[in-house]
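Student: Just dropping this structure here.
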Amino acid sequence: MNGNILVVDDDPNVVEIISKSLDREGYVTESAYDGEDALVKVELFDPDLIILDTVLPKIDGFQVCSRILSNEKNCDIPIVMMSDDILLDLPMEAFKYGAKEIIKKPFSVTEIVAKINNYFLNADAKKDIRERNQFLEMELQKGRSDYDSVSRELKRKILNLRTLSDLSQDLNKLQEPQETIHVLSLTFIGHLGISSVAIFNTESLDTGKLTFAGGMGVQDNILRTLSFSRDSKLIEYLIENGGVVDLAAHNIPREAMEEKKFLFNLGFKYCFLMVVKSNLVGIILVGEKINNQNYSENDLEMFNFLCHSAAIGLANSRLYSELQSTYLSTINVLVSTIEAKDPYTNGHTKRVAKYANLLAEEIGLSKKEQEIVSFGATLHDIGKLGVYENILNKSSELTEKEWKVIKSHPEIGSNIIKGMKFLESARDLVRHHHERLDGSGYPDGLEGDEISIGARIVAIADSFDAMTSDRPYRKALSYKEGINQLMNQTDKFDKEIIQHLVNLVNSGRIHE
Ligand SMILES: [Fe+2]
Ligand SMILES: [Fe+2]
């Protein structure tokens with residue numbers, strides 16, 4: 001057995017007998033013969049157990065026991081008390097002072113040794129259990145912290161996936177490249193906690209130059225002066241390097257170093273590539289994270305993926321925009337055909353489109369609705385392509401039959417653009433621009449709310465221009481007279497839209 005045992009008794013014989021027996025068992029013993037000596041030896045010897053007589057010179061055993069245990073350093077030392085006192089309450093007294101065991105004199109040495117051995121065996125077993133518990137507790141703690149970190153990582157990944165999915169959905173809804181740039185910038189700043197972002201894109205898929213398209217938290221005036229060539233070394237390196245470059249890194253090819261340094265000095269930390277089907281769409285530069293932490297592998301992986309989604313979104317919105325301008329040139333060709341056929345109405349279509357666009361904006365229609373009004377107004381008389389020129393250009397009064405032909409132009413117009421998907425929503429405006437609120441219009445004799453707001457706008461713009469333009473059979477009215485005429489016909493024309501027209505004329509946005 002191992003262990004230090006202090007044996008305290010005023011009778012040297014007793015101390016000797018006990019000490020020798022314990023020495024034989026492998027314990028290391030120390031002796032003390034009075035209370036004061038015992039307290040000193042406790043400090044010097046650092047015992048694992050104390051055998052203490054109750055009756056001692058100088059300080060009695062109970063006081064010694066109490067003083068040892070009141071010291072925080074020694075409070076765990078087990079104390080076995082011995083006494084030849086035969087009073088019945090002795091054990092109670094000893095336990096009250098903190099003793100673990102009581103042995104009555106005269107004692108059997110074998111009994112003492114057996115009790116001490118037993119005590120140390122129990123203490124070892126307890127120590128084992130305590131250590132095992134501590135080990136299990138540590139394992140549990142580690143498990144908990146592993147679980148917490150996995151759980152945190154999982155939550156972060158879910159959040160990232162949600163951001164990506166939100167962004168993809170948002171990008172799919174967008175049609176204007178500028179809106180796409182704006183949503184991208186907002187995503188980087190708002191969702192991803194980046195302090196600054198700048199987006200450079202190619203003006204079209206064929207041009208080789210990347211110019212500043214937008215961003216947030218950046219100095220626009222400096223960035224607008226920058227451009228990157230598609231063949232620049234930095235772009236080349238981005239492509240070779242999997243689409244991302246750490247602008248603080250030193251292992252960048254010398255040729256790309258100057259551009260890299262310049263961007264780093266502007267506060268950017270990383271540069272990402274936007275590519276669709278190996279066509280370069282642009283690059284995204286990001287500054288520090290708002291929490292000042294470094295970019296992790298996960299961040300870079302996620303941003304790279306995001307840049308890929310952004311590239312698709314941007315390429316789509318650019319295609320949409322190019323498609324829009326193709327549509328517009330198709331419409332302009334159609335319009336010039338009408339104007340060529342009906343010289344008396346020269347410029348009519350353009351003016352009607354201008355008035356209708358201003359009205360749609362003034363009323364506060366959405367961008368999409370304004371676009372429909374614009375198409376509808378531009379094409380409102382396209383049906384005149386199907387009316388004989390001699391009727392259109394006739395300066396004398398029209399016969400009833402000729403009027404009937406003229407009145408068929410909204411229907412013909414609506415049929416002409418039927419099947420042209422991008423003009424589908426404008427068909428209603430073409431067909432119904434001669435409808436009147438009181439039901440007196442044509443071709444369908446619609447009344448009140450049956451006539452859409454777009455058709456009402458075109459009707460007012462069309463009539464206002466007809467009134468204020470010269471015709472072979474009469475002179476043009478002034479704008480003021482034109483408005484008065486419309487005001488006198490609020491049973492036919494929408495009063496509120498007329499009021500918007502008055503505002504536009506009064507503010508000079510529509511002028512003679
Ligand atoms: Fe018309
Ligand atoms: Fe017209």
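Chains: A, B, ... in order of the structure tokens. Residues: from 1 per chain. Ligands: from 1, in order shown.
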Hey, which residues sit close to ligand 2? Say within 7 Å, counting only C-alpha atoms and all ligand atoms, and write them as a PyMOL selection string.

Tutor: chain A and resi 348-349+380-381+462

Student: Could you write out that same residue set with N, CA and C atoms as a PDB file, in the first residue's frame?

Tutor:
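Once written, part-v7.pdb looks like this:
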```pdb
ATOM      1  N   HIS A 348     -48.413  61.652 -85.660  1.00  0.00           N
ATOM      2  CA  HIS A 348     -49.502  61.354 -84.700  1.00  0.00           C
ATOM      3  C   HIS A 348     -49.095  60.230 -83.734  1.00  0.00           C
ATOM      4  N   THR A 349     -48.606  59.129 -84.280  1.00  0.00           N
ATOM      5  CA  THR A 349     -48.277  57.975 -83.442  1.00  0.00           C
ATOM      6  C   THR A 349     -47.257  58.335 -82.377  1.00  0.00           C
ATOM      7  N   HIS A 380     -51.332  51.748 -81.711  1.00  0.00           N
ATOM      8  CA  HIS A 380     -52.805  51.812 -81.642  1.00  0.00           C
ATOM      9  C   HIS A 380     -53.474  51.866 -83.011  1.00  0.00           C
ATOM     10  N   ASP A 381     -52.843  52.543 -83.985  1.00  0.00           N
ATOM     11  CA  ASP A 381     -53.479  52.664 -85.309  1.00  0.00           C
ATOM     12  C   ASP A 381     -52.878  51.719 -86.343  1.00  0.00           C
ATOM     13  N   ASP A 462     -54.863  59.834 -77.780  1.00  0.00           N
ATOM     14  CA  ASP A 462     -55.212  59.799 -79.207  1.00  0.00           C
ATOM     15  C   ASP A 462     -56.155  60.956 -79.561  1.00  0.00           C
TER      16      ASP A 462
END
```

Student: Return the single residue from A:Cys75, A:Ala248, A:Ala340, A:Ile102 that is closest to Asn265 (chain A), with distances computed using only C-alpha atoms.

Tutor: A:Ala248

Student: Measuring atom to atom with only C-alpha atoms and all ligand atoms, identify which of A:His433, A:Arg162, A:Arg456, A:Lys260 is nearest to ligand 1.

Tutor: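 Of all the options, A:His433 lies closest to ligand 1.
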
Student: Dump the neighbourhood of ligand 1 as a PyMOL selection string: all residues within 10 Å, distances computed on only C-alpha atoms and all ligand atoms.

Tutor: chain A and resi 349+377+379-384+406-410+413+430-434+458-459+462-463+466

Student: Print the selection's residues with N, CA, C and O atoms to a file, as a compact mmCIF listing (two decimals), in the first residue's frame.

Tutor:
```
# COMPACT_ATOMS: atom_id res chain seq x y z
N THR A 349 -48.61 59.13 -84.28
CA THR A 349 -48.28 57.97 -83.44
C THR A 349 -47.26 58.34 -82.38
O THR A 349 -47.41 57.99 -81.21
N ALA A 377 -49.84 52.29 -77.22
CA ALA A 377 -49.99 53.62 -77.81
C ALA A 377 -49.26 53.70 -79.14
O ALA A 377 -49.77 54.24 -80.12
N LEU A 379 -48.67 51.35 -81.21
CA LEU A 379 -49.28 50.51 -82.25
C LEU A 379 -50.78 50.72 -82.41
O LEU A 379 -51.42 50.00 -83.17
N HIS A 380 -51.33 51.75 -81.71
CA HIS A 380 -52.80 51.81 -81.64
C HIS A 380 -53.47 51.87 -83.01
O HIS A 380 -54.53 51.30 -83.22
N ASP A 381 -52.84 52.54 -83.98
CA ASP A 381 -53.48 52.66 -85.31
C ASP A 381 -52.88 51.72 -86.34
O ASP A 381 -53.05 51.93 -87.54
N ILE A 382 -52.20 50.69 -85.88
CA ILE A 382 -51.54 49.79 -86.85
C ILE A 382 -52.54 49.12 -87.79
O ILE A 382 -52.21 48.76 -88.93
N GLY A 383 -53.79 49.05 -87.33
CA GLY A 383 -54.85 48.45 -88.17
C GLY A 383 -55.12 49.26 -89.42
O GLY A 383 -55.72 48.75 -90.38
N LYS A 384 -54.66 50.53 -89.46
CA LYS A 384 -54.88 51.35 -90.65
C LYS A 384 -54.10 50.80 -91.85
O LYS A 384 -54.36 51.19 -93.00
N ILE A 406 -63.19 52.45 -91.91
CA ILE A 406 -62.25 53.13 -90.98
C ILE A 406 -62.38 52.56 -89.57
O ILE A 406 -61.40 52.29 -88.88
N LYS A 407 -63.66 52.37 -89.16
CA LYS A 407 -63.91 51.91 -87.78
C LYS A 407 -63.43 50.46 -87.53
O LYS A 407 -63.43 50.00 -86.38
N SER A 408 -63.07 49.79 -88.61
CA SER A 408 -62.61 48.41 -88.39
C SER A 408 -61.13 48.36 -88.01
O SER A 408 -60.60 47.30 -87.67
N HIS A 409 -60.41 49.54 -88.04
CA HIS A 409 -58.94 49.49 -87.84
C HIS A 409 -58.51 48.98 -86.45
O HIS A 409 -57.49 48.29 -86.37
N PRO A 410 -59.28 49.24 -85.36
CA PRO A 410 -58.81 48.67 -84.09
C PRO A 410 -58.82 47.15 -84.10
O PRO A 410 -57.91 46.50 -83.59
N GLY A 413 -56.02 45.92 -86.35
CA GLY A 413 -54.74 46.11 -85.62
C GLY A 413 -54.52 45.01 -84.62
O GLY A 413 -53.43 44.42 -84.53
N VAL A 430 -54.85 48.27 -78.29
CA VAL A 430 -55.01 48.53 -79.72
C VAL A 430 -56.49 48.37 -80.10
O VAL A 430 -57.08 49.22 -80.77
N ARG A 431 -57.10 47.31 -79.59
CA ARG A 431 -58.48 47.02 -79.96
C ARG A 431 -59.48 48.02 -79.35
O ARG A 431 -60.50 48.33 -79.94
N HIS A 432 -59.13 48.54 -78.18
CA HIS A 432 -60.14 49.33 -77.45
C HIS A 432 -59.82 50.82 -77.31
O HIS A 432 -60.40 51.49 -76.48
N HIS A 433 -58.93 51.34 -78.16
CA HIS A 433 -58.59 52.76 -77.99
C HIS A 433 -59.69 53.69 -78.49
O HIS A 433 -59.62 54.90 -78.29
N HIS A 434 -60.72 53.13 -79.16
CA HIS A 434 -61.87 53.97 -79.58
C HIS A 434 -63.12 53.67 -78.77
O HIS A 434 -64.20 54.12 -79.11
N VAL A 458 -54.77 55.61 -73.68
CA VAL A 458 -54.50 55.76 -75.12
C VAL A 458 -55.65 56.54 -75.78
O VAL A 458 -55.41 57.39 -76.65
N ALA A 459 -56.88 56.29 -75.35
CA ALA A 459 -58.04 56.98 -75.93
C ALA A 459 -57.89 58.49 -75.73
O ALA A 459 -58.11 59.28 -76.67
N ASP A 462 -54.86 59.83 -77.78
CA ASP A 462 -55.21 59.80 -79.21
C ASP A 462 -56.16 60.96 -79.56
O ASP A 462 -55.92 61.72 -80.51
N SER A 463 -57.22 61.11 -78.76
CA SER A 463 -58.21 62.15 -79.06
C SER A 463 -57.59 63.54 -78.89
O SER A 463 -57.85 64.43 -79.69
N ALA A 466 -55.54 64.26 -81.87
CA ALA A 466 -56.37 64.49 -83.05
C ALA A 466 -56.96 65.90 -83.00
O ALA A 466 -56.97 66.62 -84.01
```

Student: Please determine, counting only C-alpha atoms, which residue among A:Thr399, A:Thr378, A:Thr110, A:Ser507 has the shortest atom-to-atom distance to Val333 (chain A).

Tutor: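 Of A:Thr399, A:Thr378, A:Thr110, A:Ser507, the one nearest Val333 (chain A), counting only C-alpha atoms, is A:Thr378.
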
Student: I want to know what sits within 8 Å of Gly482 (chain A), based on only C-alpha atoms, with residues of the same chain fewer than 4 positions away left out; could you give that as JSON, numbers by chain?

Tutor: {"A": [464, 467, 468, 477, 478, 486]}

Student: What does the structure give for the distance between CA of Leu323 (chain A) and CA of Glu371 (chain A), in Å to one decimal?

Tutor: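 CA of Leu323 (chain A) sits 13.8 Å away from CA of Glu371 (chain A).
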
Student: Of the residues A:Leu385, A:Val405, A:Ala360, A:Ile194, which is the one nearest to Leu504 (chain A), using only C-alpha atoms?

Tutor: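 For Leu504 (chain A), the nearest of the given residues is A:Ala360.
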